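The structure appears below as C-alpha cells.
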Amino acid sequence: MSVLERSSMPPLIPAPTLEHLCDLEVTVDPPIDVGATPGGLRRVIPITGGTVRGPQMQGRVLAGGADFQLVLGEGTTAHLDARYVIELDDGSRIFVHNTALRYASPDNARKLMRGEPVDMAEIYFRCQPRLETAAPQWAWLNHQQFIGAATRAPGGVALSFYRVC
C-alpha cells in the first residue's frame, strides 16, 4: 500500500509532542518607522532587555537586539524577524533568531500600531525561534527545533518557547 493510499488510515509517524523550555518577557523601545516600502511597512523595534524564566533555563535578555517587522494588509499581518542574545544564570550566552507571524483584525491592528493594549486572545501570534550557543552544557539547543506563542503589550512582548520532541 502506497503512502497516498493510506490517507484514510492513522498516520505512520506519531505526532510530535512539545516540551516547555522557557518564558521570556522582552522589553522594547518605541518603533523606528522606516516607512511604506515596496515590500510593505518596515519597522525596527529596539530590544532593551528582559527576563528568561522556565523549567529549563533562567536568565535575562540582553539589550542590543531588534525586531525587524514587515507589516502588510492594513496592518493586519506582521512578519517579524527578531535577533537578540539571552544570558543564562550560569553565564552562558544564547543567540536567538526568532521569526514570527502576527495576525489581527483591522481594528486590533490599528491599536497594535498605536501601541495600545488589545485582547491578545483575538490575536494570532506564533513564532519559530532558532537557538545557537557555544556553551558546551547547552550545545543540545543547536540541533533542536523550537516553536512558540507570543503576546504583545505596550512596552514589550511575552513569549513561551517549546522544544518539538
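In the C-alpha cells, chains take letters A, B, ... by order of appearance, with residues numbered from 1 within each chain and ligands from 1 in the order shown.
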Write out as a PyMOL selection string each polymer residue whose atoms come within 7 Å of Ile47 (chain A), counting only C-alpha atoms; drop sequence neighbours fewer than 5 positions from it. chain A and resi 27-29+63-66
For the residues in that selection, give me all heavy atoms as a PDB file, in the first residue's frame.
ATOM      1  N   THR A  27      11.561  43.530  26.851  1.00  0.00           N
ATOM      2  CA  THR A  27      11.214  44.943  26.858  1.00  0.00           C
ATOM      3  C   THR A  27      11.753  45.599  25.590  1.00  0.00           C
ATOM      4  O   THR A  27      12.802  45.211  25.069  1.00  0.00           O
ATOM      5  CB  THR A  27      11.763  45.657  28.104  1.00  0.00           C
ATOM      6  OG1 THR A  27      13.183  45.482  28.158  1.00  0.00           O
ATOM      7  CG2 THR A  27      11.132  45.089  29.374  1.00  0.00           C
ATOM      8  N   VAL A  28      11.007  46.594  25.101  1.00  0.00           N
ATOM      9  CA  VAL A  28      11.363  47.241  23.839  1.00  0.00           C
ATOM     10  C   VAL A  28      11.220  48.756  23.952  1.00  0.00           C
ATOM     11  O   VAL A  28      10.485  49.260  24.798  1.00  0.00           O
ATOM     12  CB  VAL A  28      10.490  46.721  22.681  1.00  0.00           C
ATOM     13  CG1 VAL A  28      10.701  45.230  22.456  1.00  0.00           C
ATOM     14  CG2 VAL A  28       9.022  47.020  22.893  1.00  0.00           C
ATOM     15  N   ASP A  29      11.932  49.445  23.064  1.00  0.00           N
ATOM     16  CA  ASP A  29      11.762  50.889  22.883  1.00  0.00           C
ATOM     17  C   ASP A  29      10.703  51.123  21.813  1.00  0.00           C
ATOM     18  O   ASP A  29      10.326  50.197  21.094  1.00  0.00           O
ATOM     19  CB  ASP A  29      13.086  51.523  22.448  1.00  0.00           C
ATOM     20  CG  ASP A  29      13.940  51.969  23.633  1.00  0.00           C
ATOM     21  OD1 ASP A  29      13.405  52.053  24.764  1.00  0.00           O
ATOM     22  OD2 ASP A  29      15.142  52.222  23.429  1.00  0.00           O
ATOM     23  N   ALA A  63      20.276  43.819  26.225  1.00  0.00           N
ATOM     24  CA  ALA A  63      19.940  44.940  25.348  1.00  0.00           C
ATOM     25  C   ALA A  63      20.797  44.858  24.090  1.00  0.00           C
ATOM     26  O   ALA A  63      21.882  44.276  24.100  1.00  0.00           O
ATOM     27  CB  ALA A  63      20.199  46.257  26.076  1.00  0.00           C
ATOM     28  N   GLY A  64      20.286  45.427  23.002  1.00  0.00           N
ATOM     29  CA  GLY A  64      21.081  45.499  21.786  1.00  0.00           C
ATOM     30  C   GLY A  64      20.498  44.750  20.610  1.00  0.00           C
ATOM     31  O   GLY A  64      20.942  44.930  19.482  1.00  0.00           O
ATOM     32  N   GLY A  65      19.500  43.927  20.830  1.00  0.00           N
ATOM     33  CA  GLY A  65      18.855  43.244  19.716  1.00  0.00           C
ATOM     34  C   GLY A  65      17.762  44.108  19.118  1.00  0.00           C
ATOM     35  O   GLY A  65      17.532  45.246  19.534  1.00  0.00           O
ATOM     36  N   ALA A  66      17.095  43.551  18.111  1.00  0.00           N
ATOM     37  CA  ALA A  66      15.997  44.279  17.481  1.00  0.00           C
ATOM     38  C   ALA A  66      15.049  43.299  16.814  1.00  0.00           C
ATOM     39  O   ALA A  66      15.428  42.176  16.473  1.00  0.00           O
ATOM     40  CB  ALA A  66      16.521  45.279  16.457  1.00  0.00           C
TER      41      ALA A  66
END
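The residue set within 6 Å of region 86-102 of chain A, counting only C-alpha atoms and dropping same-chain residues fewer than 2 places from it, reads A:Gln58, A:Gly59, A:Arg60, A:Val61, A:Leu62, A:Thr77, A:Ala78, A:His79, A:Leu80, A:Asp81, A:Ala82, A:Arg83, A:Tyr84, A:Tyr124, A:Phe125, A:Arg126, A:Cys127, A:Gln128, A:Pro129, A:Arg130, A:Leu131, A:Glu132, A:Thr133, A:Ala135.
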Take the selection from the previous step and output its residues with C-alpha atoms, as a PDB file, in the first residue's frame.
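Just written: again_17.pdb:
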ATOM      1  CA  GLN A  58      16.778  31.149  33.787  1.00  0.00           C
ATOM      2  CA  GLY A  59      18.450  34.389  32.784  1.00  0.00           C
ATOM      3  CA  ARG A  60      17.996  37.706  31.091  1.00  0.00           C
ATOM      4  CA  VAL A  61      17.575  39.203  27.650  1.00  0.00           C
ATOM      5  CA  LEU A  62      20.497  41.480  26.816  1.00  0.00           C
ATOM      6  CA  THR A  77      -0.438  40.836   9.112  1.00  0.00           C
ATOM      7  CA  ALA A  78       3.058  41.299  10.527  1.00  0.00           C
ATOM      8  CA  HIS A  79       6.091  39.195   9.665  1.00  0.00           C
ATOM      9  CA  LEU A  80       8.605  39.556  12.476  1.00  0.00           C
ATOM     10  CA  ASP A  81      12.318  38.787  12.471  1.00  0.00           C
ATOM     11  CA  ALA A  82      13.855  39.299  15.911  1.00  0.00           C
ATOM     12  CA  ARG A  83      17.518  38.763  16.752  1.00  0.00           C
ATOM     13  CA  TYR A  84      18.903  39.097  20.249  1.00  0.00           C
ATOM     14  CA  TYR A 124      -2.749  35.048  16.270  1.00  0.00           C
ATOM     15  CA  PHE A 125       0.926  35.348  17.283  1.00  0.00           C
ATOM     16  CA  ARG A 126       3.174  32.295  16.758  1.00  0.00           C
ATOM     17  CA  CYS A 127       6.921  32.001  16.343  1.00  0.00           C
ATOM     18  CA  GLN A 128       9.782  29.723  15.324  1.00  0.00           C
ATOM     19  CA  PRO A 129      12.865  30.503  17.445  1.00  0.00           C
ATOM     20  CA  ARG A 130      16.272  29.139  16.458  1.00  0.00           C
ATOM     21  CA  LEU A 131      18.807  28.995  19.255  1.00  0.00           C
ATOM     22  CA  GLU A 132      22.607  28.951  18.920  1.00  0.00           C
ATOM     23  CA  THR A 133      25.284  28.767  21.590  1.00  0.00           C
ATOM     24  CA  ALA A 135      28.357  26.792  25.686  1.00  0.00           C
TER      25      ALA A 135
END
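Distance annotation: of A:Pro10, A:Pro16, A:Pro136, A:Gly40, the residue with the minimal separation from Tyr162 (chain A) is A:Pro16; atom set is only C-alpha atoms.
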Judged by only C-alpha atoms, the minimum distance to Phe68 (chain A) among A:Gly50, A:Arg152, A:Val44, A:His20 is found for A:Val44
As a PyMOL selection string, list the residues of chain A assigned to alpha helix (DSSP H) by DSSP on the backbone atoms of this structure. chain A and resi 106-113
How would the residues just picked look written out with N, CA and C atoms as a short mmCIF file (atom, residue, chain, number, x, y, z; two decimals), in the first residue's frame?
data_model
loop_
_atom_site.label_atom_id
_atom_site.label_comp_id
_atom_site.auth_asym_id
_atom_site.auth_seq_id
_atom_site.Cartn_x
_atom_site.Cartn_y
_atom_site.Cartn_z
N PRO A 106 -8.53 44.29 11.50
CA PRO A 106 -8.14 45.68 11.21
C PRO A 106 -8.22 46.60 12.43
N ASP A 107 -9.26 46.46 13.25
CA ASP A 107 -9.39 47.31 14.44
C ASP A 107 -8.26 47.04 15.43
N ASN A 108 -8.00 45.76 15.72
CA ASN A 108 -6.92 45.43 16.64
C ASN A 108 -5.55 45.79 16.06
N ALA A 109 -5.39 45.66 14.75
CA ALA A 109 -4.13 46.03 14.12
C ALA A 109 -3.84 47.52 14.31
N ARG A 110 -4.86 48.35 14.17
CA ARG A 110 -4.67 49.79 14.39
C ARG A 110 -4.25 50.06 15.84
N LYS A 111 -4.87 49.36 16.78
CA LYS A 111 -4.49 49.53 18.19
C LYS A 111 -3.04 49.10 18.42
N LEU A 112 -2.65 47.96 17.84
CA LEU A 112 -1.28 47.49 17.98
C LEU A 112 -0.29 48.50 17.43
N MET A 113 -0.60 49.06 16.26
CA MET A 113 0.30 50.03 15.64
C MET A 113 0.44 51.30 16.48
#
Of A:Leu72, A:Ile147, A:Val85, A:Cys22, the one nearest to Pro38 (chain A) when counting only C-alpha atoms is A:Leu72
Write out as an MDAnalysis selection string which residues come within 9 Å of Leu24 (chain A) when counting only C-alpha atoms, dropping same-chain ones fewer than 5 positions away. chainID A and resid 50:54 60:61 157:161
Take the residues from that selection and write them out as a PDB file, in the first residue's frame, keeping C-alpha atoms.
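The file below, out21.pdb, is the result:
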ATOM      1  CA  GLY A  50      14.052  41.368  29.686  1.00  0.00           C
ATOM      2  CA  THR A  51      13.878  38.155  31.669  1.00  0.00           C
ATOM      3  CA  VAL A  52      14.031  34.437  30.915  1.00  0.00           C
ATOM      4  CA  ARG A  53      12.279  32.019  33.289  1.00  0.00           C
ATOM      5  CA  GLY A  54      11.245  28.450  32.896  1.00  0.00           C
ATOM      6  CA  ARG A  60      17.996  37.706  31.091  1.00  0.00           C
ATOM      7  CA  VAL A  61      17.575  39.203  27.650  1.00  0.00           C
ATOM      8  CA  VAL A 157       6.421  41.090  24.323  1.00  0.00           C
ATOM      9  CA  ALA A 158       5.885  37.899  26.320  1.00  0.00           C
ATOM     10  CA  LEU A 159       6.884  34.616  24.666  1.00  0.00           C
ATOM     11  CA  SER A 160       6.777  30.939  25.570  1.00  0.00           C
ATOM     12  CA  PHE A 161       9.250  28.638  23.815  1.00  0.00           C
TER      13      PHE A 161
END
